[in-house]
Structures are given as C-alpha cells and as structure tokens.
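Colleague: Below is one structure. I have some questions about it.
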Amino acid sequence: MRRDIFQAIADPTRRAILGLLALGPMTPNAVAEHFDSARQTISKHIQILTECEVLTQKKTGREIYYHFNPEKMKEVDVWLERFRKMWEERFEQLDDLLNDL
Amino acid sequence: MTNNFVFKTDLAAKKIHVTREFNAPIEKVWRAWTEPALLEKWVVLKHWSAITQIMDFTVGGVWLYAMVSPDGQKHWVWAQFTAIDNGSLISSMGAFCDGEGNPLLDGPKSYRDTRFSVIEGNKTQVDMTITFEEESTLQMFVEGGFKEGISMTLTLLDELLASE
C-alpha cells in the first residue's frame with residue numbers, strides 16, 4: 001500500500017502524535033503515555049507515520065527516538081496552494097463572464 | 001479593484017472556506033452559478049472545455065458534466081443538489097465518477113455550501129464551504145479528481161508567468 005502525507009494526516013490520533021513530536025523528539029513509550037489508546041495502537045500509528053516519512057527514527061543509546069520531519073508536511077501546503085490557485089483562476093474567468101452578461 | 005479572495009483551510013475539521021467578491025449584481029452571479037451554458041464558461045480552465053450532460057437544478061437533482069482536456073480526455077464531475085434557496089444558497093454533495101460518468105456513490109463524498117449575499121448595493125459576495133466526508137477524501141481528491149485540475153492550473157500558471 002502506498003503511503004503518503006495525506007494518509008498521515010487522515011487520522012486524528014496521528015495528527016495528535018505529529019503535534020506532540022513537532023515539539024521535540026520522543027521515544028514510542030513517551031508518546032504512548034500521552035494517549036489513552038493501547039500502546040500497540042500508538043505504535044501502529046507511529047509506524048504509519050514513519051512509512052509516510054513524516055517521522056524519522058534515530059537511535060540514541062538503547063532508545064529509538066522519533067523525530068518530526070517538517071519538510072514532508074510541506075506537500076500538503078503545495079497541494080492546498082494548487083487547489084487555491086484553481087479557485088482563483090476559475091473566479092477570474094467568472095469575472096470576465098459577469099462583465100459580458 | 002480588490003476582490004477580497006480568501007482561501008482558508010481547516011484540515012482538522014475537514015473544511016475549506018473560500019470567499020470572493022464579484023463586481024456584479026447578485027442576479028447575474030446566481031445565473032452564472034446555475035445556468036449550464038454559463039457554468040461551462042468558467043468552471044474549466046483555459047484550453048479545456050466543459051460538456052454538461054445533466055443539469056437538473058432542483059433539490060435532489062443532479063449536475064453531471066465532463067471536463068474535457070486539450071487531448072480530448074473526459075473527466076466527469078458529479079454533484080447532487082441537497083438544498084436550494086433561490087438567490088442565496090446552493091448546497092450539494094459531490095462524488096467521484098468512473099470513466100463513463102457514473103457516480104461512485106459508495107466512495108468518498110464531499111459537501112459544498114455556497115452562499116450569495118449583496119454587498120455595497122450592486123456587488124455580490126460568495127462564501128463557499130467545502131467539507132470532506134471522510135478524512136481520506138482529502139487524499140482521494142489529490143490522487144483522483146483534482147489531479148487534472150491541478151495540472152491544468154499549473155499549465156495556466158506557467159503561461160501566465162511566461163506572458164508577464
């Protein structure tokens with residue numbers, strides 16, 4: 001299954017995990033402590049986020065820390081910007097049409 | 001003239017808000033939004049054309065049109081009107097289509113409320129809220145129906161930049 005940024009943000013728990021890790025890197029256990037969900041559920045979300053490349057793993061000593069990758073989030077901005085542009089262009093055409101009506 | 005174009009996204013709420021002012025009376029804006037011959041002139045971008053297959057502008061009625069690319073490929077757009085308040089509100093539900101223009105009603109949907117109001121006597125403000133039913137719809141929009149919109153917008157943008 002293809003993983004991308006839109007899948008990463010498609011779930012409220014994953015968005016919450018991203019929000020948390022945006023503040024600083026954490027171990028999976030530390031992340032799980034912030035949620036009522038089962039630890040396994042949280043690890044699954046972390047795994048998906050990693051596959052979406054919005055999180056990266058770094059080993060420090062014996063612990064694995066997850067880091068937020070802001071570059072990846074920019075893909076959403078790029079898409080939304082294009083969507084915005086599409087409406088802007090449509091409306092400019094509508095301006096012309098209204099002038100002629 | 002400023003047109004006060006606003007495009008706000010609220011991904012957590014799965015909503016996109018678009019606002020725009022038009023220098024025309026509300027009757028004309030309403031016509032441009034509801035008459036197929038007029039809609040065809042502005043819903044698709046330069047070099048593309050629109051062909052209306054169905055336009056039943058009643059509550060429960062369907063609007064189905066094809067966006068036709070410069071190389072003749074059709075991309076169908078399907079919407080069903082869920083509420084109409086003449087001259088002030090249009091609500092619709094949108095779904096993706098297969099290659100023949102049949103809506104995929106089991107698939108993800110989007111909802112759009114468009115409100116029209118008079119400003120400064122003879123101008124019109126349009127406020128639109130697009131809501132994605134499921135969070136995955138946003139992804140579908142990217143991978144599916146809007147790719148064409150995106151690529152054609154980019155082509156247009158390239159031309160615009162080249163001409164300046």
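Order determines the names: the first chain of the structure tokens is A, the second B, and so forth; residues in each chain are numbered 1 upward, and ligands are numbered 1 upward as they are shown.
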Within 7 Å of region 65-78 of chain B, counting only C-alpha atoms, which residues qualify if same-chain residues fewer than 5 places away don't, as number ranges by chain?
Modeller: B: 44, 47-54, 94-97, 101, 103
Colleague: Output as a ChimeraX atom specification the set of chain A residues within 12 Å of chain B, with distances taken over only C-alpha atoms.
Modeller: /A:2-16,19,75-101
Colleague: Write the residues you've just listed into a file as a PDB file, in the first residue's frame, and include C-alpha atoms for each of them.
Modeller:
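New file out.pdb:
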ATOM      1  CA  ARG A   2       1.251   3.412  -0.941  1.00  0.00           C
ATOM      2  CA  ARG A   3       1.947   5.736   1.959  1.00  0.00           C
ATOM      3  CA  ASP A   4       1.934   9.481   1.692  1.00  0.00           C
ATOM      4  CA  ILE A   5       1.451  12.576   3.737  1.00  0.00           C
ATOM      5  CA  PHE A   6      -2.309  12.617   3.218  1.00  0.00           C
ATOM      6  CA  GLN A   7      -2.597   9.270   4.853  1.00  0.00           C
ATOM      7  CA  ALA A   8      -0.502  10.550   7.714  1.00  0.00           C
ATOM      8  CA  ILE A   9      -2.872  13.419   8.469  1.00  0.00           C
ATOM      9  CA  ALA A  10      -6.039  11.450   7.736  1.00  0.00           C
ATOM     10  CA  ASP A  11      -6.399  10.261  11.323  1.00  0.00           C
ATOM     11  CA  PRO A  12      -6.950  12.441  14.408  1.00  0.00           C
ATOM     12  CA  THR A  13      -4.652  10.349  16.625  1.00  0.00           C
ATOM     13  CA  ARG A  14      -1.881  10.595  14.047  1.00  0.00           C
ATOM     14  CA  ARG A  15      -2.350  14.347  13.872  1.00  0.00           C
ATOM     15  CA  ALA A  16      -2.072  14.473  17.654  1.00  0.00           C
ATOM     16  CA  GLY A  19       1.633  17.737  17.073  1.00  0.00           C
ATOM     17  CA  GLU A  75       3.491  18.552   0.451  1.00  0.00           C
ATOM     18  CA  VAL A  76       0.093  19.354   1.935  1.00  0.00           C
ATOM     19  CA  ASP A  77       0.770  23.052   1.576  1.00  0.00           C
ATOM     20  CA  VAL A  78       1.772  22.566  -2.035  1.00  0.00           C
ATOM     21  CA  TRP A  79      -1.445  20.740  -2.825  1.00  0.00           C
ATOM     22  CA  LEU A  80      -3.640  23.223  -0.995  1.00  0.00           C
ATOM     23  CA  GLU A  81      -1.873  26.064  -2.761  1.00  0.00           C
ATOM     24  CA  ARG A  82      -2.716  24.468  -6.109  1.00  0.00           C
ATOM     25  CA  PHE A  83      -6.316  23.971  -5.061  1.00  0.00           C
ATOM     26  CA  ARG A  84      -6.452  27.625  -4.003  1.00  0.00           C
ATOM     27  CA  LYS A  85      -4.950  28.654  -7.334  1.00  0.00           C
ATOM     28  CA  MET A  86      -7.567  26.631  -9.191  1.00  0.00           C
ATOM     29  CA  TRP A  87     -10.395  28.513  -7.498  1.00  0.00           C
ATOM     30  CA  GLU A  88      -8.653  31.817  -8.034  1.00  0.00           C
ATOM     31  CA  GLU A  89      -8.360  31.135 -11.764  1.00  0.00           C
ATOM     32  CA  ARG A  90     -11.968  29.993 -12.007  1.00  0.00           C
ATOM     33  CA  PHE A  91     -13.154  33.160 -10.323  1.00  0.00           C
ATOM     34  CA  GLU A  92     -11.115  35.308 -12.684  1.00  0.00           C
ATOM     35  CA  GLN A  93     -12.899  33.621 -15.582  1.00  0.00           C
ATOM     36  CA  LEU A  94     -16.175  34.250 -13.813  1.00  0.00           C
ATOM     37  CA  ASP A  95     -15.285  37.952 -13.522  1.00  0.00           C
ATOM     38  CA  ASP A  96     -14.873  38.095 -17.308  1.00  0.00           C
ATOM     39  CA  LEU A  97     -18.132  36.268 -17.845  1.00  0.00           C
ATOM     40  CA  LEU A  98     -20.034  38.589 -15.500  1.00  0.00           C
ATOM     41  CA  ASN A  99     -18.640  41.597 -17.351  1.00  0.00           C
ATOM     42  CA  ASP A 100     -20.156  40.284 -20.568  1.00  0.00           C
ATOM     43  CA  LEU A 101     -23.536  39.269 -19.135  1.00  0.00           C
TER      44      LEU A 101
END
Colleague: Could you jot down the CA of Arg39 (chain A) to CA of Glu71 (chain A) separation for me, Å, one decimal place?
Modeller: 27.3 Å
Colleague: If I take CA of His67 (chain A) and CA of Pro25 (chain A), how far is one from the other in Å, to one decimal?
Modeller: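 That distance, rounded to one decimal, is 4.7 Å.
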Colleague: Skipping near chain neighbours, those fewer than 4 positions away, what residues fall within 6 Å of Ser110 (chain B) using only C-alpha atoms, listed as a ChimeraX atom specification?
Modeller: /B:93-94,131-133
Colleague: What does the distance between CA of Tyr65 (chain A) and CA of Asn29 (chain A) come to in Å, to one decimal place?
Modeller: 9.7 Å
Colleague: Report as a VMD selection string all protein, DNA and RNA residues lying within 12 Å of Thr41 (chain A), evaluated on only C-alpha atoms, omitting residues in the same chain fewer than 2 positions from it.
Modeller: chain A and resid 13 to 14 17 28 to 29 31 to 32 35 to 39 43 to 48
Colleague: Write out, as a PDB file, in the first residue's frame, the residues just selected, with N, CA and C atoms.
Modeller:
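Saved to out22.pdb:
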ATOM      1  N   THR A  13      -5.716  10.754  15.694  1.00  0.00           N
ATOM      2  CA  THR A  13      -4.652  10.349  16.625  1.00  0.00           C
ATOM      3  C   THR A  13      -3.277  10.619  16.008  1.00  0.00           C
ATOM      4  N   ARG A  14      -3.169  10.344  14.709  1.00  0.00           N
ATOM      5  CA  ARG A  14      -1.881  10.595  14.047  1.00  0.00           C
ATOM      6  C   ARG A  14      -1.565  12.085  14.028  1.00  0.00           C
ATOM      7  N   ILE A  17      -0.262  12.874  17.397  1.00  0.00           N
ATOM      8  CA  ILE A  17       1.123  12.402  17.562  1.00  0.00           C
ATOM      9  C   ILE A  17       2.091  13.365  16.869  1.00  0.00           C
ATOM     10  N   PRO A  28       8.831   5.963  21.596  1.00  0.00           N
ATOM     11  CA  PRO A  28       7.446   5.498  21.430  1.00  0.00           C
ATOM     12  C   PRO A  28       6.714   5.382  22.771  1.00  0.00           C
ATOM     13  N   ASN A  29       7.420   4.959  23.789  1.00  0.00           N
ATOM     14  CA  ASN A  29       6.783   4.835  25.103  1.00  0.00           C
ATOM     15  C   ASN A  29       6.326   6.184  25.642  1.00  0.00           C
ATOM     16  N   VAL A  31       5.566   8.749  23.878  1.00  0.00           N
ATOM     17  CA  VAL A  31       4.417   9.186  23.072  1.00  0.00           C
ATOM     18  C   VAL A  31       3.145   8.517  23.597  1.00  0.00           C
ATOM     19  N   ALA A  32       3.234   7.197  23.819  1.00  0.00           N
ATOM     20  CA  ALA A  32       2.056   6.417  24.230  1.00  0.00           C
ATOM     21  C   ALA A  32       1.484   6.907  25.552  1.00  0.00           C
ATOM     22  N   PHE A  35      -1.535   9.213  25.492  1.00  0.00           N
ATOM     23  CA  PHE A  35      -2.814   8.766  24.916  1.00  0.00           C
ATOM     24  C   PHE A  35      -3.440   7.658  25.767  1.00  0.00           C
ATOM     25  N   ASP A  36      -4.770   7.570  25.692  1.00  0.00           N
ATOM     26  CA  ASP A  36      -5.471   6.504  26.406  1.00  0.00           C
ATOM     27  C   ASP A  36      -5.462   5.202  25.609  1.00  0.00           C
ATOM     28  N   SER A  37      -5.171   5.311  24.312  1.00  0.00           N
ATOM     29  CA  SER A  37      -5.208   4.113  23.460  1.00  0.00           C
ATOM     30  C   SER A  37      -4.134   3.118  23.894  1.00  0.00           C
ATOM     31  N   ALA A  38      -4.348   1.854  23.484  1.00  0.00           N
ATOM     32  CA  ALA A  38      -3.355   0.815  23.779  1.00  0.00           C
ATOM     33  C   ALA A  38      -2.022   1.173  23.130  1.00  0.00           C
ATOM     34  N   ARG A  39      -0.961   0.792  23.804  1.00  0.00           N
ATOM     35  CA  ARG A  39       0.387   1.062  23.314  1.00  0.00           C
ATOM     36  C   ARG A  39       0.584   0.552  21.882  1.00  0.00           C
ATOM     37  N   SER A  43       1.827   2.434  18.563  1.00  0.00           N
ATOM     38  CA  SER A  43       2.978   2.018  17.741  1.00  0.00           C
ATOM     39  C   SER A  43       2.602   1.851  16.285  1.00  0.00           C
ATOM     40  N   LYS A  44       1.371   1.364  16.061  1.00  0.00           N
ATOM     41  CA  LYS A  44       0.908   1.200  14.676  1.00  0.00           C
ATOM     42  C   LYS A  44       0.841   2.570  13.983  1.00  0.00           C
ATOM     43  N   HIS A  45       0.298   3.556  14.709  1.00  0.00           N
ATOM     44  CA  HIS A  45       0.230   4.918  14.141  1.00  0.00           C
ATOM     45  C   HIS A  45       1.631   5.457  13.863  1.00  0.00           C
ATOM     46  N   ILE A  46       2.541   5.219  14.786  1.00  0.00           N
ATOM     47  CA  ILE A  46       3.922   5.700  14.612  1.00  0.00           C
ATOM     48  C   ILE A  46       4.557   5.023  13.393  1.00  0.00           C
ATOM     49  N   GLN A  47       4.237   3.740  13.245  1.00  0.00           N
ATOM     50  CA  GLN A  47       4.770   3.004  12.090  1.00  0.00           C
ATOM     51  C   GLN A  47       4.256   3.612  10.780  1.00  0.00           C
ATOM     52  N   ILE A  48       2.957   3.911  10.733  1.00  0.00           N
ATOM     53  CA  ILE A  48       2.383   4.508   9.515  1.00  0.00           C
ATOM     54  C   ILE A  48       3.023   5.874   9.242  1.00  0.00           C
TER      55      ILE A  48
END
Colleague: Which polymer residues have any atom within 9 Å of an atom of Phe57 (chain B), counting only C-alpha atoms, with same-chain residues fewer than 3 positions away left out, as a list in words?
Modeller: Thr34, Glu35, Gly60, Gly61, Val62, Trp63, Gln80, Phe81 and Ile84 of chain B
Colleague: Can you check which residues of region 29-58 of chain B DSSP gives as alpha helix (DSSP H) on the backbone and send them as a ChimeraX atom specification?
Modeller: /B:29-34,36-42
Colleague: Tell me which of B:Ile26, B:Met128, B:Leu64, B:Val59 sits closest to Tyr111 (chain B), counting only C-alpha atoms.
Modeller: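 Ranking B:Ile26, B:Met128, B:Leu64, B:Val59 by distance to Tyr111 (chain B), first place goes to B:Met128.
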Colleague: Please identify the strand (DSSP E or B) residues within region 3-160 of chain B (assignment by DSSP from backbone atoms) and present them as a PyMOL selection string.
Modeller: chain B and resi 6-10+15-22+49-55+62-68+74-85+89-95+97+103+109-119+123-132
